[in-house]
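K.L.:
Sharing structure_21.txt (compact mmCIF, C-alpha atoms) below.
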# COMPACT_ATOMS: atom_id res chain seq x y z
CA MET A 1 108.03 99.57 111.37
CA LEU A 2 106.23 100.84 114.46
CA LEU A 3 105.64 97.28 115.65
CA GLU A 4 109.28 96.38 115.00
CA SER A 5 110.39 99.44 116.95
CA PHE A 6 108.10 98.51 119.85
CA LEU A 7 109.45 94.95 119.91
CA ALA A 8 113.01 96.28 119.82
CA VAL A 9 112.28 98.51 122.81
CA CYS A 10 110.80 95.51 124.66
CA VAL A 11 113.93 93.46 123.98
CA ILE A 12 116.18 96.27 125.20
CA CYS A 13 114.09 96.63 128.36
CA CYS A 14 114.36 92.89 129.02
CA LEU A 15 118.13 93.05 128.61
CA LEU A 16 118.40 96.01 130.96
CA VAL A 17 116.16 94.51 133.63
CA GLY A 18 117.05 90.84 133.36
CA LEU A 19 120.82 90.81 132.93
CA SER A 20 123.70 92.61 134.48
CA LEU A 21 126.50 93.90 132.29
CA ALA A 22 128.75 91.04 133.37
CA ASP A 23 126.11 88.42 132.54
CA TYR A 24 125.43 90.04 129.17
CA ARG A 25 129.11 89.98 128.27
CA GLY A 26 129.42 86.42 129.49
CA TYR A 27 126.60 85.19 127.25
CA CYS A 28 127.27 87.33 124.18
CA TYR A 29 131.03 87.89 124.33
CA PRO A 30 132.60 85.06 126.35
CA SER A 31 136.34 84.98 126.85
CA ALA A 32 136.48 81.57 125.16
CA GLY A 33 134.29 80.33 122.34
CA LYS A 34 131.48 82.02 120.45
CA GLY A 35 128.68 84.03 121.99
CA ASN A 36 125.05 82.94 121.90
CA ALA A 37 122.63 85.78 121.20
CA ILE A 38 119.57 83.51 121.45
CA LEU A 39 120.59 82.29 124.90
CA THR A 40 121.24 85.89 125.93
CA PHE A 41 117.72 86.92 124.93
CA ALA A 42 116.17 83.86 126.56
CA MET A 43 117.97 84.36 129.87
CA ALA A 44 117.10 88.07 129.88
CA VAL A 45 113.41 87.28 129.44
CA GLY A 46 113.63 84.51 132.04
CA HIS A 47 115.12 86.79 134.68
CA THR A 48 112.69 89.59 133.80
CA VAL A 49 109.68 87.29 134.17
CA ASN A 50 111.11 85.95 137.41
CA THR A 51 111.56 89.45 138.79
CA GLY A 52 108.19 90.77 137.68
CA LEU A 53 105.89 87.76 137.99
CA GLY A 54 107.81 85.34 140.19
CA LEU A 55 107.81 82.60 137.56
CA PRO A 56 110.76 80.20 137.25
CA ILE A 57 113.65 81.47 135.16
CA ALA A 58 113.61 78.29 133.06
CA ALA A 59 109.93 78.81 132.17
CA GLY A 60 110.57 82.37 131.05
CA ALA A 61 113.62 81.35 129.04
CA LEU A 62 111.70 78.53 127.34
CA GLY A 63 108.85 80.89 126.51
CA ALA A 64 111.32 83.37 125.01
CA MET A 65 112.85 80.67 122.80
CA LEU A 66 109.41 79.56 121.61
CA LEU A 67 108.48 83.18 120.93
CA LEU A 68 111.65 83.71 118.93
CA GLU A 69 111.11 80.47 117.03
CA GLY A 70 107.56 81.48 116.14
CA PHE A 71 108.79 84.87 114.97
CA LEU A 72 111.42 83.24 112.76
CA VAL A 73 108.94 80.76 111.29
CA THR A 74 106.39 83.44 110.42
CA THR A 75 109.14 85.65 109.00
CA LEU A 76 110.40 82.83 106.79
CA ASP A 77 106.85 82.07 105.66
CA THR A 78 106.32 85.71 104.70
CA ALA A 79 109.68 85.88 102.96
CA ILE A 80 108.94 82.75 100.92
CA ARG A 81 105.52 84.04 99.91
CA LEU A 82 106.86 87.44 98.85
CA THR A 83 109.71 85.83 96.95
CA ARG A 84 107.24 83.52 95.21
CA TYR A 85 105.09 86.49 94.21
CA MET A 86 108.12 88.28 92.76
CA ILE A 87 109.14 85.17 90.82
CA GLU A 88 105.62 84.79 89.44
CA GLU A 89 105.57 88.45 88.43
CA GLY A 90 108.91 87.93 86.72
CA TRP A 91 107.62 84.98 84.71
CA ALA A 92 104.52 86.98 83.74
CA THR A 93 106.70 89.88 82.59
CA PHE A 94 109.07 87.77 80.52
CA PHE A 95 106.55 85.28 79.11
CA GLY A 96 103.34 87.34 79.19
CA HIS A 97 103.00 87.26 75.40
CA TYR A 98 102.73 83.46 75.34
CA ASP A 99 99.26 81.94 75.47
CA VAL A 100 99.89 80.06 78.73
CA PHE A 101 100.50 83.28 80.66
CA ALA A 102 98.26 85.53 78.56
CA ALA A 103 95.21 83.43 79.43
CA ALA A 104 95.69 84.22 83.13
CA GLY A 105 95.72 87.98 82.59
CA CYS A 106 92.86 88.40 80.13
CA ALA A 107 90.20 89.27 82.71
CA ASP A 108 88.48 92.61 82.22
CA PRO A 109 89.75 95.34 84.55
CA ALA A 110 87.43 96.65 87.23
CA LYS A 111 85.18 99.51 86.19
CA SER A 112 85.19 101.13 89.62
CA PHE A 113 87.79 102.21 92.10
CA GLU A 114 88.00 103.22 95.73
CA VAL A 115 88.72 106.83 96.57
CA ALA A 116 90.42 107.84 99.81
CA GLY A 117 87.90 109.32 102.22
CA THR A 118 84.86 107.47 100.87
CA GLY A 119 84.74 105.03 103.77
CA GLY A 120 85.45 102.03 101.56
CA MET A 121 82.64 102.81 99.10
CA ARG A 122 83.46 102.17 95.48
CA ILE A 123 82.37 104.64 92.82
CA ASP A 124 82.12 104.40 89.06
CA GLU A 125 85.10 105.66 87.15
CA PRO A 126 84.04 108.87 85.37
CA HIS A 127 86.55 108.69 82.56
CA PRO A 128 87.94 105.20 82.13
CA ALA A 129 91.41 105.13 80.70
CA PRO A 130 91.71 103.57 77.25
CA ALA A 131 92.92 100.02 77.32
CA PRO A 132 96.47 99.56 76.03
CA ALA A 133 96.94 97.88 72.71
CA ALA A 134 97.02 94.14 73.18
CA GLN A 135 100.21 92.37 72.17
CA PRO A 136 99.91 89.45 69.80
CA VAL A 137 99.65 86.19 71.70
CA VAL A 138 102.16 83.53 70.72
CA ALA A 139 100.73 80.03 70.65
CA THR A 140 102.83 77.31 72.24
CA ARG A 141 102.81 73.57 71.99
CA GLY A 142 104.81 70.54 72.94
CA LEU A 143 107.74 70.79 75.33
CA GLY A 144 107.75 74.60 75.37
CA ARG A 145 104.12 74.73 76.45
CA ALA A 146 104.76 72.11 79.13
CA ALA A 147 107.70 74.15 80.46
CA LEU A 148 105.61 77.33 80.63
CA ARG A 149 102.77 75.51 82.36
CA PHE A 150 105.32 74.11 84.80
CA LEU A 151 106.33 77.67 85.74
CA ARG A 152 102.70 78.50 86.53
CA TYR A 153 102.48 76.08 89.46
CA TYR A 154 102.76 77.85 92.81
CA TRP A 155 104.71 75.00 94.40
CA VAL A 156 107.40 75.33 91.72
CA ASN A 157 107.94 79.01 92.48
CA SER A 158 107.79 78.33 96.22
CA GLY A 159 110.46 75.67 95.72
CA LEU A 160 112.62 78.18 93.85
CA ALA A 161 112.22 80.64 96.72
CA VAL A 162 113.23 77.98 99.25
CA ALA A 163 116.19 76.97 97.08
CA ILE A 164 117.42 80.57 96.89
CA MET A 165 117.20 80.94 100.67
CA LEU A 166 118.87 77.57 101.19
CA LEU A 167 121.69 78.63 98.88
CA LEU A 168 122.23 81.80 100.89
CA GLY A 169 122.03 79.97 104.21
CA TRP A 170 124.23 77.04 103.21
CA GLY A 171 127.36 79.12 102.85
CA ASN A 172 128.40 82.51 104.11
CA GLY A 173 126.18 84.49 101.75
CA TYR A 174 123.59 85.58 104.28
CA LYS A 175 126.27 86.95 106.61
CA VAL A 176 127.72 89.01 103.78
CA LEU A 177 124.35 90.37 102.68
CA TRP A 178 122.87 90.90 106.14
CA SER A 179 124.73 94.10 106.95
CA ILE A 180 123.81 95.90 103.74
CA PHE A 181 120.28 94.48 103.87
CA GLY A 182 119.78 95.81 107.38
CA SER A 183 120.98 99.27 106.38
CA ALA A 184 118.84 99.29 103.24
CA ASN A 185 115.80 98.14 105.22
CA GLN A 186 116.11 101.00 107.70
CA LEU A 187 116.88 103.39 104.86
CA LEU A 188 113.64 102.40 103.15
CA ALA A 189 111.73 103.25 106.31
CA ALA A 190 113.56 106.58 106.54
CA LEU A 191 112.69 107.47 102.94
CA ALA A 192 109.06 106.56 103.59
CA LEU A 193 109.06 108.96 106.54
CA VAL A 194 110.66 111.65 104.36
CA ILE A 195 107.96 111.25 101.72
CA GLY A 196 105.29 111.29 104.41
CA SER A 197 106.78 114.48 105.83
CA LEU A 198 106.74 116.05 102.39
CA TRP A 199 103.06 115.17 101.98
CA LEU A 200 102.25 116.76 105.33
CA ILE A 201 104.14 119.90 104.30
CA HIS A 202 102.12 120.15 101.10
CA LYS A 203 98.92 119.78 103.13
CA GLY A 204 100.02 122.45 105.57
CA ARG A 205 99.93 120.12 108.56
CA PRO A 206 102.37 119.72 111.48
CA VAL A 207 105.38 117.74 110.35
CA ARG A 208 107.87 117.89 113.20
CA TYR A 209 106.85 114.59 114.79
CA LEU A 210 107.52 112.79 111.49
CA LEU A 211 110.44 114.77 110.12
CA ILE A 212 112.73 114.42 113.15
CA PRO A 213 112.65 110.57 113.16
CA ALA A 214 113.05 110.62 109.37
CA LEU A 215 116.22 112.72 109.53
CA PHE A 216 117.63 110.62 112.37
CA MET A 217 117.03 107.31 110.56
CA LEU A 218 118.29 108.77 107.29
CA ALA A 219 121.52 109.95 108.90
CA THR A 220 122.21 106.65 110.67
CA SER A 221 121.39 104.50 107.62
CA LEU A 222 123.51 106.54 105.21
CA THR A 223 126.36 106.60 107.72
CA MET A 224 126.27 102.81 107.97
CA LEU A 225 126.27 102.38 104.19
CA VAL A 226 129.26 104.70 103.85
CA ARG A 227 131.06 102.90 106.67
CA LEU A 228 130.47 99.50 105.05
CA LEU A 229 131.70 100.83 101.73
CA VAL A 230 134.89 102.41 103.08
CA LYS A 231 135.93 99.92 105.76
CA ASP A 232 134.63 96.57 104.51
CA TYR A 233 133.87 96.53 100.80
CA LEU A 234 136.48 98.72 99.10
CA PRO A 235 139.50 97.19 100.91
CA ALA A 236 138.44 93.73 99.70
CA TRP A 237 137.96 94.78 96.06
CA PRO A 238 137.45 93.03 93.59
CA LYS A 239 136.01 90.14 95.62
CA THR A 240 133.31 92.44 96.96
CA ALA A 241 132.50 94.08 93.62
CA PRO A 242 128.76 93.18 93.73
CA LEU A 243 128.47 94.60 97.25
CA VAL A 244 130.32 97.78 96.25
CA ILE A 245 128.00 98.29 93.28
CA THR A 246 124.91 97.59 95.39
CA ASP A 247 126.07 99.96 98.10
CA LEU A 248 126.78 102.75 95.60
CA VAL A 249 123.43 102.27 93.85
CA VAL A 250 121.52 102.40 97.14
CA LEU A 251 123.45 105.49 98.21
CA ALA A 252 122.86 107.24 94.88
CA MET A 253 119.14 106.48 94.88
CA SER A 254 118.78 107.61 98.49
CA VAL A 255 120.62 110.86 97.92
CA GLY A 256 118.59 111.48 94.77
CA ILE A 257 115.26 110.95 96.53
CA THR A 258 116.38 113.16 99.41
CA LEU A 259 117.40 115.95 97.03
CA LEU A 260 114.10 115.72 95.17
CA ALA A 261 112.24 115.93 98.47
CA ALA A 262 114.29 118.96 99.52
CA ARG A 263 113.65 120.61 96.16
CA SER A 264 109.92 120.03 96.46
CA TRP A 265 109.96 121.46 99.99
CA LEU A 266 111.78 124.59 98.81
CA GLN A 267 109.26 125.07 96.02
CA THR A 268 106.44 124.79 98.54
CA ARG A 269 108.09 127.37 100.79
CA ARG A 270 108.51 129.78 97.88
CA LYS A 271 104.85 129.45 96.96
CA ASP A 272 103.86 130.15 100.56
CA ILE A 273 106.08 133.24 100.67
CA LEU A 274 104.74 134.58 97.39
Mind turning this structure into structure tokens?

P.N.:
Amino acid sequence: MLLESFLAVCVICCLLVGLSLADYRGYCYPSAGKGNAILTFAMAVGHTVNTGLGLPIAAGALGAMLLLEGFLVTTLDTAIRLTRYMIEEGWATFFGHYDVFAAAGCADPAKSFEVAGTGGMRIDEPHPAPAPAAQPVVATRGLGRAALRFLRYYWVNSGLAVAIMLLLGWGNGYKVLWSIFGSANQLLAALALVIGSLWLIHKGRPVRYLLIPALFMLATSLTMLVRLLVKDYLPAWPKTAPLVITDLVVLAMSVGITLLAARSWLQTRRKDIL
């Protein structure tokens, strides 16, 4: 999140330095036709490089487009890998009691673990937890076994991930999901900062530098979710029923985590007073 914030600040600085307000509106919000955000970013970088380093505007704009393309490619690669991992975990959860998947998870667990503050040194576990009771393994054969083995191939799950993304990108699905995804993404970062602030409070350490950004991001993210719910999703009910449900679930979980964090903070304050 820190790197994303730094890159966002760099983009804003390029827009402020490289383009005037009239040029920005002309590229992004033209009087006729659709705006081009990629061209806006490229021209802003081109003018910024020209002003600061004296390089041609075209060279800076081309470099910005290549930079953006590389960022998109690496982001898609990461998204496909993470989606593949989730699909594989799903298959292992649903079909873990079959012999095809059980054979992959039968390795003995590690007998040592790494403790924070040990400098990466691993120590023996003093009291190993008892192993859970093994579920009976179901033997498979024939077409069923072939189908389960087919789901084990990484290229199959990668293909499923690509197909899901292609399905979202082919129509208007990604545009519908992008707004709520963006809010949920920032909300996740805000909740992580809240939990980090709570940990610092329990340790008796300064928390202001972490708590203020957490509250700011939490307020903006929750406000955006409420705005989407009231202005976009509820008026279009029942077509937007999945989005309404998703929005409400995210809001409820966020409020619940925030209340639990506030309750824990109050309990810590009471202990300090007593």

K.L.:
List as an NGL selection string the residues having at least one atom at most 12 Å from position (112.0, 85.0, 102.6) as given in the file, counting only C-alpha atoms.

P.N.:
:A and (72-86 or 158-166 or 168-169 or 174)

K.L.:
Hey, can you check how far atom CA of Leu193 of chain A sits from atom CA of Pro213 of chain A?

P.N.:
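Here the two named atoms are 7.7 Å from each other.
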
K.L.:
Select, from A:Leu198, A:Gly204, A:Phe181, A:Thr48, the residue with the minimum atom-to-atom distance to Arg263 of chain A, counting only C-alpha atoms.

P.N.:
A:Leu198

K.L.:
One decimal, in Å: what's the spacing between atom CA of Glu69 of chain A and atom CA of Ala42 of chain A?

P.N.:
11.3 Å

K.L.:
Can you work out which one of A:Met65, A:Leu266, A:Leu21, A:Leu259 has the shortest atom-to-atom distance to Phe41 of chain A, counting all atoms listed in the file?

P.N.:
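Using all atoms listed in the file, the shortest distance to Phe41 of chain A belongs to A:Met65.
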
K.L.:
Could you list, as a ChimeraX atom specification, every residue within 12 Å of Ala61 of chain A, counting all atoms listed in the file and ignoring same-chain residues fewer than 6 positions away?

P.N.:
/A:14,18,38-50,55,67-68

K.L.:
Atom CA of Phe101 of chain A and atom CA of Leu167 of chain A are how many Å apart?

P.N.:
28.3 Å

K.L.:
Between A:Ala184, A:Ala214, A:Leu234, A:Val138, which is the closest to Val250 of chain A once you count all atoms listed in the file?

P.N.:
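Ranked by minimum distance to Val250 of chain A, first place goes to A:Ala184.
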
K.L.:
Counting all atoms listed in the file, figure out which residue out of A:Arg141, A:Phe94, A:Cys10, A:Leu210 gets nearest to Ile195 of chain A.

P.N.:
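Of the candidates, the smallest distance to Ile195 of chain A is held by A:Leu210.
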
K.L.:
Neighbours of segment 24-26 of chain A within 8 Å (only C-alpha atoms; same-chain residues fewer than 5 positions away dropped), as an MDAnalysis selection string?

P.N.:
chainID A and resid 15 19 31 35 40

K.L.:
Choose the residue, out of A:Arg152, A:Arg145, A:Arg227, A:Lys239, that has the smallest atom-to-atom separation from Ile180 of chain A; count only C-alpha atoms.

P.N.:
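Of A:Arg152, A:Arg145, A:Arg227, A:Lys239, the one nearest Ile180 of chain A is A:Arg227, counting only C-alpha atoms.
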
K.L.:
Any idea what's packed within 12 Å of segment 241-244 of chain A, counting all atoms listed in the file, ignoring anything in its chain fewer than 4 positions away? Could you give it as JSON, numbers by chain?

P.N.:
{"A": [173, 176, 177, 178, 179, 180, 181, 225, 226, 227, 228, 229, 230, 231, 232, 233, 234, 235, 236, 237, 248, 249, 250, 251]}

K.L.:
Tell me which residues come within 10 Å of (119.9, 102.9, 106.7), as a PyMOL selection string, counting only C-alpha atoms in the file's coordinates.

P.N.:
chain A and resi 180-191+216-226+250-251+254

K.L.:
Go ahead and dump the residues you just picked, C-alpha atoms, as a PDB file, in the coordinates of the input.

P.N.:
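Saved the output as selection_1.pdb:
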ATOM      1  CA  ILE A 180     123.810  95.900 103.740  1.00  0.00           C
ATOM      2  CA  PHE A 181     120.280  94.480 103.870  1.00  0.00           C
ATOM      3  CA  GLY A 182     119.780  95.810 107.380  1.00  0.00           C
ATOM      4  CA  SER A 183     120.980  99.270 106.380  1.00  0.00           C
ATOM      5  CA  ALA A 184     118.840  99.290 103.240  1.00  0.00           C
ATOM      6  CA  ASN A 185     115.800  98.140 105.220  1.00  0.00           C
ATOM      7  CA  GLN A 186     116.110 101.000 107.700  1.00  0.00           C
ATOM      8  CA  LEU A 187     116.880 103.390 104.860  1.00  0.00           C
ATOM      9  CA  LEU A 188     113.640 102.400 103.150  1.00  0.00           C
ATOM     10  CA  ALA A 189     111.730 103.250 106.310  1.00  0.00           C
ATOM     11  CA  ALA A 190     113.560 106.580 106.540  1.00  0.00           C
ATOM     12  CA  LEU A 191     112.690 107.470 102.940  1.00  0.00           C
ATOM     13  CA  PHE A 216     117.630 110.620 112.370  1.00  0.00           C
ATOM     14  CA  MET A 217     117.030 107.310 110.560  1.00  0.00           C
ATOM     15  CA  LEU A 218     118.290 108.770 107.290  1.00  0.00           C
ATOM     16  CA  ALA A 219     121.520 109.950 108.900  1.00  0.00           C
ATOM     17  CA  THR A 220     122.210 106.650 110.670  1.00  0.00           C
ATOM     18  CA  SER A 221     121.390 104.500 107.620  1.00  0.00           C
ATOM     19  CA  LEU A 222     123.510 106.540 105.210  1.00  0.00           C
ATOM     20  CA  THR A 223     126.360 106.600 107.720  1.00  0.00           C
ATOM     21  CA  MET A 224     126.270 102.810 107.970  1.00  0.00           C
ATOM     22  CA  LEU A 225     126.270 102.380 104.190  1.00  0.00           C
ATOM     23  CA  VAL A 226     129.260 104.700 103.850  1.00  0.00           C
ATOM     24  CA  VAL A 250     121.520 102.400  97.140  1.00  0.00           C
ATOM     25  CA  LEU A 251     123.450 105.490  98.210  1.00  0.00           C
ATOM     26  CA  SER A 254     118.780 107.610  98.490  1.00  0.00           C
TER      27      SER A 254
END

K.L.:
Padding 3 Å on each side, edges along x, y and z: where is the centre of the box around the listed atoms of segment 68-85 of chain A, and how long are its edges in Å to one decimal? Output it as AutoDock Vina command-line options.

P.N.:
--center_x 108.4 --center_y 84.0 --center_z 106.6 --size_x 12.6 --size_y 13.0 --size_z 30.7

K.L.:
Compile the contact shell of His97 of chain A as a ChimeraX atom specification: residues with an atom at most 9 Å away, counting all atoms listed in the file, same-chain residues fewer than 3 positions apart removed.

P.N.:
/A:92-94,100-102,135-139

K.L.:
Quick test: take segment 147-181 of chain A, keep N, CA and C atoms, and write it as a PDB file, in the first residue's frame.

P.N.:
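Result file follows (out-v8.pdb):
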ATOM      1  N   ALA A 147     -10.958 -37.125 -14.061  1.00  0.00           N
ATOM      2  CA  ALA A 147     -11.437 -35.753 -13.889  1.00  0.00           C
ATOM      3  C   ALA A 147     -10.731 -35.064 -12.726  1.00  0.00           C
ATOM      4  N   LEU A 148     -10.530 -35.782 -11.617  1.00  0.00           N
ATOM      5  CA  LEU A 148      -9.838 -35.190 -10.473  1.00  0.00           C
ATOM      6  C   LEU A 148      -8.371 -34.910 -10.792  1.00  0.00           C
ATOM      7  N   ARG A 149      -7.741 -35.824 -11.521  1.00  0.00           N
ATOM      8  CA  ARG A 149      -6.351 -35.575 -11.921  1.00  0.00           C
ATOM      9  C   ARG A 149      -6.265 -34.386 -12.867  1.00  0.00           C
ATOM     10  N   PHE A 150      -7.303 -34.216 -13.686  1.00  0.00           N
ATOM     11  CA  PHE A 150      -7.334 -33.081 -14.608  1.00  0.00           C
ATOM     12  C   PHE A 150      -7.356 -31.764 -13.836  1.00  0.00           C
ATOM     13  N   LEU A 151      -8.067 -31.734 -12.704  1.00  0.00           N
ATOM     14  CA  LEU A 151      -8.146 -30.517 -11.900  1.00  0.00           C
ATOM     15  C   LEU A 151      -6.850 -30.223 -11.158  1.00  0.00           C
ATOM     16  N   ARG A 152      -5.932 -31.173 -11.113  1.00  0.00           N
ATOM     17  CA  ARG A 152      -4.668 -30.967 -10.419  1.00  0.00           C
ATOM     18  C   ARG A 152      -3.644 -30.223 -11.272  1.00  0.00           C
ATOM     19  N   TYR A 153      -3.845 -30.194 -12.590  1.00  0.00           N
ATOM     20  CA  TYR A 153      -2.871 -29.544 -13.463  1.00  0.00           C
ATOM     21  C   TYR A 153      -2.940 -28.029 -13.293  1.00  0.00           C
ATOM     22  N   TYR A 154      -1.773 -27.398 -13.159  1.00  0.00           N
ATOM     23  CA  TYR A 154      -1.750 -25.953 -12.923  1.00  0.00           C
ATOM     24  C   TYR A 154      -2.254 -25.178 -14.133  1.00  0.00           C
ATOM     25  N   TRP A 155      -2.017 -25.706 -15.348  1.00  0.00           N
ATOM     26  CA  TRP A 155      -2.452 -24.973 -16.531  1.00  0.00           C
ATOM     27  C   TRP A 155      -3.970 -25.002 -16.677  1.00  0.00           C
ATOM     28  N   VAL A 156      -4.624 -25.997 -16.099  1.00  0.00           N
ATOM     29  CA  VAL A 156      -6.089 -26.023 -16.120  1.00  0.00           C
ATOM     30  C   VAL A 156      -6.642 -24.909 -15.237  1.00  0.00           C
ATOM     31  N   ASN A 157      -6.107 -24.786 -14.038  1.00  0.00           N
ATOM     32  CA  ASN A 157      -6.580 -23.750 -13.123  1.00  0.00           C
ATOM     33  C   ASN A 157      -6.189 -22.357 -13.604  1.00  0.00           C
ATOM     34  N   SER A 158      -5.018 -22.245 -14.243  1.00  0.00           N
ATOM     35  CA  SER A 158      -4.652 -20.956 -14.836  1.00  0.00           C
ATOM     36  C   SER A 158      -5.608 -20.594 -15.963  1.00  0.00           C
ATOM     37  N   GLY A 159      -5.994 -21.602 -16.762  1.00  0.00           N
ATOM     38  CA  GLY A 159      -6.968 -21.349 -17.824  1.00  0.00           C
ATOM     39  C   GLY A 159      -8.314 -20.917 -17.277  1.00  0.00           C
ATOM     40  N   LEU A 160      -8.735 -21.513 -16.154  1.00  0.00           N
ATOM     41  CA  LEU A 160      -9.986 -21.088 -15.526  1.00  0.00           C
ATOM     42  C   LEU A 160      -9.894 -19.640 -15.047  1.00  0.00           C
ATOM     43  N   ALA A 161      -8.739 -19.277 -14.480  1.00  0.00           N
ATOM     44  CA  ALA A 161      -8.557 -17.893 -14.027  1.00  0.00           C
ATOM     45  C   ALA A 161      -8.629 -16.921 -15.199  1.00  0.00           C
ATOM     46  N   VAL A 162      -7.973 -17.277 -16.304  1.00  0.00           N
ATOM     47  CA  VAL A 162      -8.013 -16.416 -17.493  1.00  0.00           C
ATOM     48  C   VAL A 162      -9.431 -16.330 -18.042  1.00  0.00           C
ATOM     49  N   ALA A 163     -10.158 -17.457 -18.034  1.00  0.00           N
ATOM     50  CA  ALA A 163     -11.530 -17.458 -18.542  1.00  0.00           C
ATOM     51  C   ALA A 163     -12.435 -16.561 -17.698  1.00  0.00           C
ATOM     52  N   ILE A 164     -12.252 -16.593 -16.382  1.00  0.00           N
ATOM     53  CA  ILE A 164     -13.059 -15.732 -15.509  1.00  0.00           C
ATOM     54  C   ILE A 164     -12.782 -14.262 -15.805  1.00  0.00           C
ATOM     55  N   MET A 165     -11.497 -13.919 -15.957  1.00  0.00           N
ATOM     56  CA  MET A 165     -11.155 -12.525 -16.254  1.00  0.00           C
ATOM     57  C   MET A 165     -11.637 -12.113 -17.637  1.00  0.00           C
ATOM     58  N   LEU A 166     -11.559 -13.042 -18.600  1.00  0.00           N
ATOM     59  CA  LEU A 166     -12.049 -12.741 -19.943  1.00  0.00           C
ATOM     60  C   LEU A 166     -13.558 -12.528 -19.932  1.00  0.00           C
ATOM     61  N   LEU A 167     -14.259 -13.305 -19.115  1.00  0.00           N
ATOM     62  CA  LEU A 167     -15.709 -13.149 -19.012  1.00  0.00           C
ATOM     63  C   LEU A 167     -16.070 -11.786 -18.434  1.00  0.00           C
ATOM     64  N   LEU A 168     -15.309 -11.346 -17.430  1.00  0.00           N
ATOM     65  CA  LEU A 168     -15.570 -10.029 -16.850  1.00  0.00           C
ATOM     66  C   LEU A 168     -15.207  -8.906 -17.819  1.00  0.00           C
ATOM     67  N   GLY A 169     -14.112  -9.105 -18.574  1.00  0.00           N
ATOM     68  CA  GLY A 169     -13.674  -8.057 -19.480  1.00  0.00           C
ATOM     69  C   GLY A 169     -14.436  -8.010 -20.787  1.00  0.00           C
ATOM     70  N   TRP A 170     -15.090  -9.119 -21.157  1.00  0.00           N
ATOM     71  CA  TRP A 170     -15.787  -9.161 -22.440  1.00  0.00           C
ATOM     72  C   TRP A 170     -17.015  -8.263 -22.441  1.00  0.00           C
ATOM     73  N   GLY A 171     -17.715  -8.246 -21.328  1.00  0.00           N
ATOM     74  CA  GLY A 171     -18.913  -7.420 -21.242  1.00  0.00           C
ATOM     75  C   GLY A 171     -18.666  -6.185 -20.399  1.00  0.00           C
ATOM     76  N   ASN A 172     -19.662  -5.842 -19.621  1.00  0.00           N
ATOM     77  CA  ASN A 172     -19.591  -4.650 -18.788  1.00  0.00           C
ATOM     78  C   ASN A 172     -19.365  -5.000 -17.321  1.00  0.00           C
ATOM     79  N   GLY A 173     -19.016  -6.270 -17.063  1.00  0.00           N
ATOM     80  CA  GLY A 173     -18.920  -6.720 -15.680  1.00  0.00           C
ATOM     81  C   GLY A 173     -17.840  -6.026 -14.889  1.00  0.00           C
ATOM     82  N   TYR A 174     -16.679  -5.810 -15.517  1.00  0.00           N
ATOM     83  CA  TYR A 174     -15.581  -5.206 -14.767  1.00  0.00           C
ATOM     84  C   TYR A 174     -15.892  -3.763 -14.392  1.00  0.00           C
ATOM     85  N   LYS A 175     -16.642  -3.056 -15.243  1.00  0.00           N
ATOM     86  CA  LYS A 175     -17.003  -1.679 -14.915  1.00  0.00           C
ATOM     87  C   LYS A 175     -17.963  -1.632 -13.734  1.00  0.00           C
ATOM     88  N   VAL A 176     -18.838  -2.627 -13.658  1.00  0.00           N
ATOM     89  CA  VAL A 176     -19.798  -2.668 -12.556  1.00  0.00           C
ATOM     90  C   VAL A 176     -19.095  -3.002 -11.247  1.00  0.00           C
ATOM     91  N   LEU A 177     -18.139  -3.937 -11.308  1.00  0.00           N
ATOM     92  CA  LEU A 177     -17.471  -4.390 -10.091  1.00  0.00           C
ATOM     93  C   LEU A 177     -16.336  -3.477  -9.658  1.00  0.00           C
ATOM     94  N   TRP A 178     -15.833  -2.648 -10.574  1.00  0.00           N
ATOM     95  CA  TRP A 178     -14.624  -1.887 -10.266  1.00  0.00           C
ATOM     96  C   TRP A 178     -14.834  -0.910  -9.120  1.00  0.00           C
ATOM     97  N   SER A 179     -15.980  -0.242  -9.097  1.00  0.00           N
ATOM     98  CA  SER A 179     -16.209   0.765  -8.062  1.00  0.00           C
ATOM     99  C   SER A 179     -16.243   0.141  -6.675  1.00  0.00           C
ATOM    100  N   ILE A 180     -16.982  -0.952  -6.527  1.00  0.00           N
ATOM    101  CA  ILE A 180     -17.062  -1.578  -5.205  1.00  0.00           C
ATOM    102  C   ILE A 180     -15.750  -2.280  -4.863  1.00  0.00           C
ATOM    103  N   PHE A 181     -15.041  -2.789  -5.874  1.00  0.00           N
ATOM    104  CA  PHE A 181     -13.744  -3.407  -5.613  1.00  0.00           C
ATOM    105  C   PHE A 181     -12.739  -2.373  -5.123  1.00  0.00           C
TER     106      PHE A 181
END
